[in-house]
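Student: Pasting in a structure now, in structure tokens, and then I'll have a few things to ask.
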Amino acid sequence: MSDLTLRLVVVGGVLALVVATVLVLRLRDRAPSRLLGTVPLDPGIYLFTSATCADCHTARELLERTLGSQRFVEYAWESDPEIFETLSIDKVPCTVTVDKARRATLWIGQPDRMIYAVDP
């Protein structure tokens with residue numbers, strides 16, 4: 001095998017690995033939900049937001065319109081960073097649903113999928 005062919009094979013392999021990694025990460029981000037396990041929150045619905053989040057206002061309005069403002073709790077990064085760190089939340093808006101056994105499910109993005117998937 002010539003030196004040029006070997007270099008092309010190596011570059012092609014690296015490129016294929018990068019493309020595969022990007023696709024896996026994108027699919028993970030599009031997953032409607034993921035289990036967080038047992039959490040230190042009471043059963044309920046929690047909205048996680050940030051002051052710099054452009055979509056958080058829309059998420060809050062959607063929850064208020066569909067559930068009412070008393071049916072969910074909002075945590076903002078600026079005032080409650082500890083709970084974000086405890087739950088490993090690194091994207092906003094997101095919604096966390098907690099069942100009676102304190103098992104949590106994280107819903108990334110707008111809460112519309114969460115609303116249709118759970119019976120709040």
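The chains in the structure tokens are called A, B, ... from first to last as shown; in each chain the residues are counted from 1, and the ligands are counted from 1 in the order shown.
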As a PyMOL selection string, please: the residues near region 46-54 of chain A (cut-off 7 Å, only C-alpha atoms, same-chain neighbours under 2 positions excluded).

Tutor: chain A and resi 44+56+72-78+92-97

Student: Apply DSSP to the structure's backbone, then extract all residues of region 7-119 of chain A labelled strand (DSSP E) and return them as a PDB file with N, CA and C atoms, in the first residue's frame.

Tutor:
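Generated output (states-v8.pdb):
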```pdb
ATOM      1  N   ARG A  34     -35.252  10.747  29.300  1.00  0.00           N
ATOM      2  CA  ARG A  34     -34.299   9.774  29.845  1.00  0.00           C
ATOM      3  C   ARG A  34     -34.521   9.681  31.347  1.00  0.00           C
ATOM      4  N   LEU A  35     -34.323   8.506  31.874  1.00  0.00           N
ATOM      5  CA  LEU A  35     -34.529   8.275  33.296  1.00  0.00           C
ATOM      6  C   LEU A  35     -33.361   8.830  34.092  1.00  0.00           C
ATOM      7  N   LEU A  36     -33.675   9.471  35.213  1.00  0.00           N
ATOM      8  CA  LEU A  36     -32.646  10.010  36.097  1.00  0.00           C
ATOM      9  C   LEU A  36     -32.452   9.151  37.334  1.00  0.00           C
ATOM     10  N   GLY A  37     -33.377   8.244  37.600  1.00  0.00           N
ATOM     11  CA  GLY A  37     -33.312   7.440  38.813  1.00  0.00           C
ATOM     12  C   GLY A  37     -34.038   8.147  39.951  1.00  0.00           C
ATOM     13  N   THR A  38     -33.704   7.760  41.173  1.00  0.00           N
ATOM     14  CA  THR A  38     -34.336   8.353  42.353  1.00  0.00           C
ATOM     15  C   THR A  38     -33.712   9.713  42.630  1.00  0.00           C
ATOM     16  N   GLY A  44     -44.055  15.198  41.379  1.00  0.00           N
ATOM     17  CA  GLY A  44     -44.610  16.371  40.704  1.00  0.00           C
ATOM     18  C   GLY A  44     -43.910  16.648  39.395  1.00  0.00           C
ATOM     19  N   ILE A  45     -44.143  17.837  38.881  1.00  0.00           N
ATOM     20  CA  ILE A  45     -43.576  18.286  37.616  1.00  0.00           C
ATOM     21  C   ILE A  45     -42.741  19.518  37.887  1.00  0.00           C
ATOM     22  N   TYR A  46     -41.527  19.531  37.339  1.00  0.00           N
ATOM     23  CA  TYR A  46     -40.572  20.606  37.590  1.00  0.00           C
ATOM     24  C   TYR A  46     -40.052  21.143  36.262  1.00  0.00           C
ATOM     25  N   LEU A  47     -40.073  22.467  36.130  1.00  0.00           N
ATOM     26  CA  LEU A  47     -39.546  23.133  34.952  1.00  0.00           C
ATOM     27  C   LEU A  47     -38.213  23.764  35.324  1.00  0.00           C
ATOM     28  N   PHE A  48     -37.183  23.503  34.516  1.00  0.00           N
ATOM     29  CA  PHE A  48     -35.848  24.060  34.752  1.00  0.00           C
ATOM     30  C   PHE A  48     -35.557  25.091  33.677  1.00  0.00           C
ATOM     31  N   THR A  49     -35.212  26.312  34.139  1.00  0.00           N
ATOM     32  CA  THR A  49     -35.032  27.439  33.228  1.00  0.00           C
ATOM     33  C   THR A  49     -33.764  28.213  33.562  1.00  0.00           C
ATOM     34  N   VAL A  73     -43.474  23.230  39.484  1.00  0.00           N
ATOM     35  CA  VAL A  73     -42.522  24.073  40.219  1.00  0.00           C
ATOM     36  C   VAL A  73     -41.419  24.454  39.241  1.00  0.00           C
ATOM     37  N   GLU A  74     -41.031  25.722  39.266  1.00  0.00           N
ATOM     38  CA  GLU A  74     -39.961  26.178  38.377  1.00  0.00           C
ATOM     39  C   GLU A  74     -38.689  26.420  39.168  1.00  0.00           C
ATOM     40  N   TYR A  75     -37.588  25.915  38.635  1.00  0.00           N
ATOM     41  CA  TYR A  75     -36.260  26.183  39.178  1.00  0.00           C
ATOM     42  C   TYR A  75     -35.464  26.940  38.134  1.00  0.00           C
ATOM     43  N   ALA A  76     -34.869  28.057  38.537  1.00  0.00           N
ATOM     44  CA  ALA A  76     -34.015  28.842  37.644  1.00  0.00           C
ATOM     45  C   ALA A  76     -32.562  28.632  38.032  1.00  0.00           C
ATOM     46  N   CYS A  94     -36.013  22.399  30.287  1.00  0.00           N
ATOM     47  CA  CYS A  94     -36.303  20.973  30.403  1.00  0.00           C
ATOM     48  C   CYS A  94     -37.283  20.789  31.548  1.00  0.00           C
ATOM     49  N   THR A  95     -37.953  19.661  31.503  1.00  0.00           N
ATOM     50  CA  THR A  95     -38.954  19.338  32.497  1.00  0.00           C
ATOM     51  C   THR A  95     -38.587  18.010  33.131  1.00  0.00           C
ATOM     52  N   VAL A  96     -38.786  17.916  34.427  1.00  0.00           N
ATOM     53  CA  VAL A  96     -38.553  16.664  35.138  1.00  0.00           C
ATOM     54  C   VAL A  96     -39.868  16.247  35.775  1.00  0.00           C
ATOM     55  N   THR A  97     -40.254  15.007  35.532  1.00  0.00           N
ATOM     56  CA  THR A  97     -41.428  14.444  36.194  1.00  0.00           C
ATOM     57  C   THR A  97     -40.937  13.457  37.251  1.00  0.00           C
ATOM     58  N   VAL A  98     -41.530  13.531  38.430  1.00  0.00           N
ATOM     59  CA  VAL A  98     -41.143  12.652  39.537  1.00  0.00           C
ATOM     60  C   VAL A  98     -42.380  11.889  39.992  1.00  0.00           C
ATOM     61  N   ARG A 103     -38.893   8.428  41.443  1.00  0.00           N
ATOM     62  CA  ARG A 103     -38.134   8.146  40.225  1.00  0.00           C
ATOM     63  C   ARG A 103     -38.423   9.275  39.249  1.00  0.00           C
ATOM     64  N   ALA A 104     -37.356   9.814  38.671  1.00  0.00           N
ATOM     65  CA  ALA A 104     -37.494  10.986  37.821  1.00  0.00           C
ATOM     66  C   ALA A 104     -37.209  10.666  36.358  1.00  0.00           C
ATOM     67  N   THR A 105     -37.918  11.392  35.496  1.00  0.00           N
ATOM     68  CA  THR A 105     -37.687  11.338  34.057  1.00  0.00           C
ATOM     69  C   THR A 105     -37.410  12.756  33.590  1.00  0.00           C
ATOM     70  N   LEU A 106     -36.333  12.932  32.830  1.00  0.00           N
ATOM     71  CA  LEU A 106     -35.935  14.235  32.298  1.00  0.00           C
ATOM     72  C   LEU A 106     -36.444  14.361  30.875  1.00  0.00           C
ATOM     73  N   TRP A 107     -37.136  15.462  30.593  1.00  0.00           N
ATOM     74  CA  TRP A 107     -37.663  15.769  29.260  1.00  0.00           C
ATOM     75  C   TRP A 107     -36.950  17.028  28.782  1.00  0.00           C
ATOM     76  N   ILE A 108     -36.101  16.925  27.781  1.00  0.00           N
ATOM     77  CA  ILE A 108     -35.317  18.053  27.288  1.00  0.00           C
ATOM     78  C   ILE A 108     -36.130  18.823  26.252  1.00  0.00           C
TER      79      ILE A 108
END
```

Student: Please indicate the distance in Å from CA of Glu82 (chain A) to CA of His57 (chain A), rounded to one decimal place.

Tutor: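 Between CA of Glu82 (chain A) and CA of His57 (chain A) the gap is 21.6 Å.
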
Student: Find the residue from A:Leu4, A:Ala16, A:Val9, A:Ala101 that sits nearest to Pro40 (chain A); use only C-alpha atoms when measuring.

Tutor: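 Going through A:Leu4, A:Ala16, A:Val9, A:Ala101 one by one, the smallest distance to Pro40 (chain A) is for A:Ala101.
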
Student: Measuring atom to atom with only C-alpha atoms, identify which of A:Met1, A:Val11, A:Leu87, A:Ile115 is nearest to Leu63 (chain A).

Tutor: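 Among A:Met1, A:Val11, A:Leu87, A:Ile115, it is A:Ile115 that comes nearest to Leu63 (chain A).
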
Student: Report as JSON, numbers by chain all protein, DNA and RNA residues lying within 9 Å of Asp42 (chain A), evaluated on only C-alpha atoms, omitting residues in the same chain fewer than 6 positions from it.

Tutor: {"A": [98, 99, 100, 102]}

Student: Mind dumping the selected residues with N, CA and C atoms as a PDB file, in the first residue's frame?

Tutor:
```
ATOM      1  N   VAL A  98     -41.530  13.531  38.430  1.00  0.00           N
ATOM      2  CA  VAL A  98     -41.143  12.652  39.537  1.00  0.00           C
ATOM      3  C   VAL A  98     -42.380  11.889  39.992  1.00  0.00           C
ATOM      4  N   ASP A  99     -42.275  10.549  40.017  1.00  0.00           N
ATOM      5  CA  ASP A  99     -43.415   9.744  40.436  1.00  0.00           C
ATOM      6  C   ASP A  99     -43.422   9.549  41.957  1.00  0.00           C
ATOM      7  N   LYS A 100     -44.376   8.791  42.461  1.00  0.00           N
ATOM      8  CA  LYS A 100     -44.531   8.619  43.908  1.00  0.00           C
ATOM      9  C   LYS A 100     -43.355   7.900  44.553  1.00  0.00           C
ATOM     10  N   ARG A 102     -40.384   8.574  43.759  1.00  0.00           N
ATOM     11  CA  ARG A 102     -39.315   9.558  43.552  1.00  0.00           C
ATOM     12  C   ARG A 102     -38.376   9.201  42.397  1.00  0.00           C
TER      13      ARG A 102
END
```

Student: Please measure the separation of CA of Glu61 (chain A) and CA of Met114 (chain A), giving the value in Å to one decimal.

Tutor: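 Computing the Euclidean distance for CA of Glu61 (chain A) and CA of Met114 (chain A) yields 14.4 Å.
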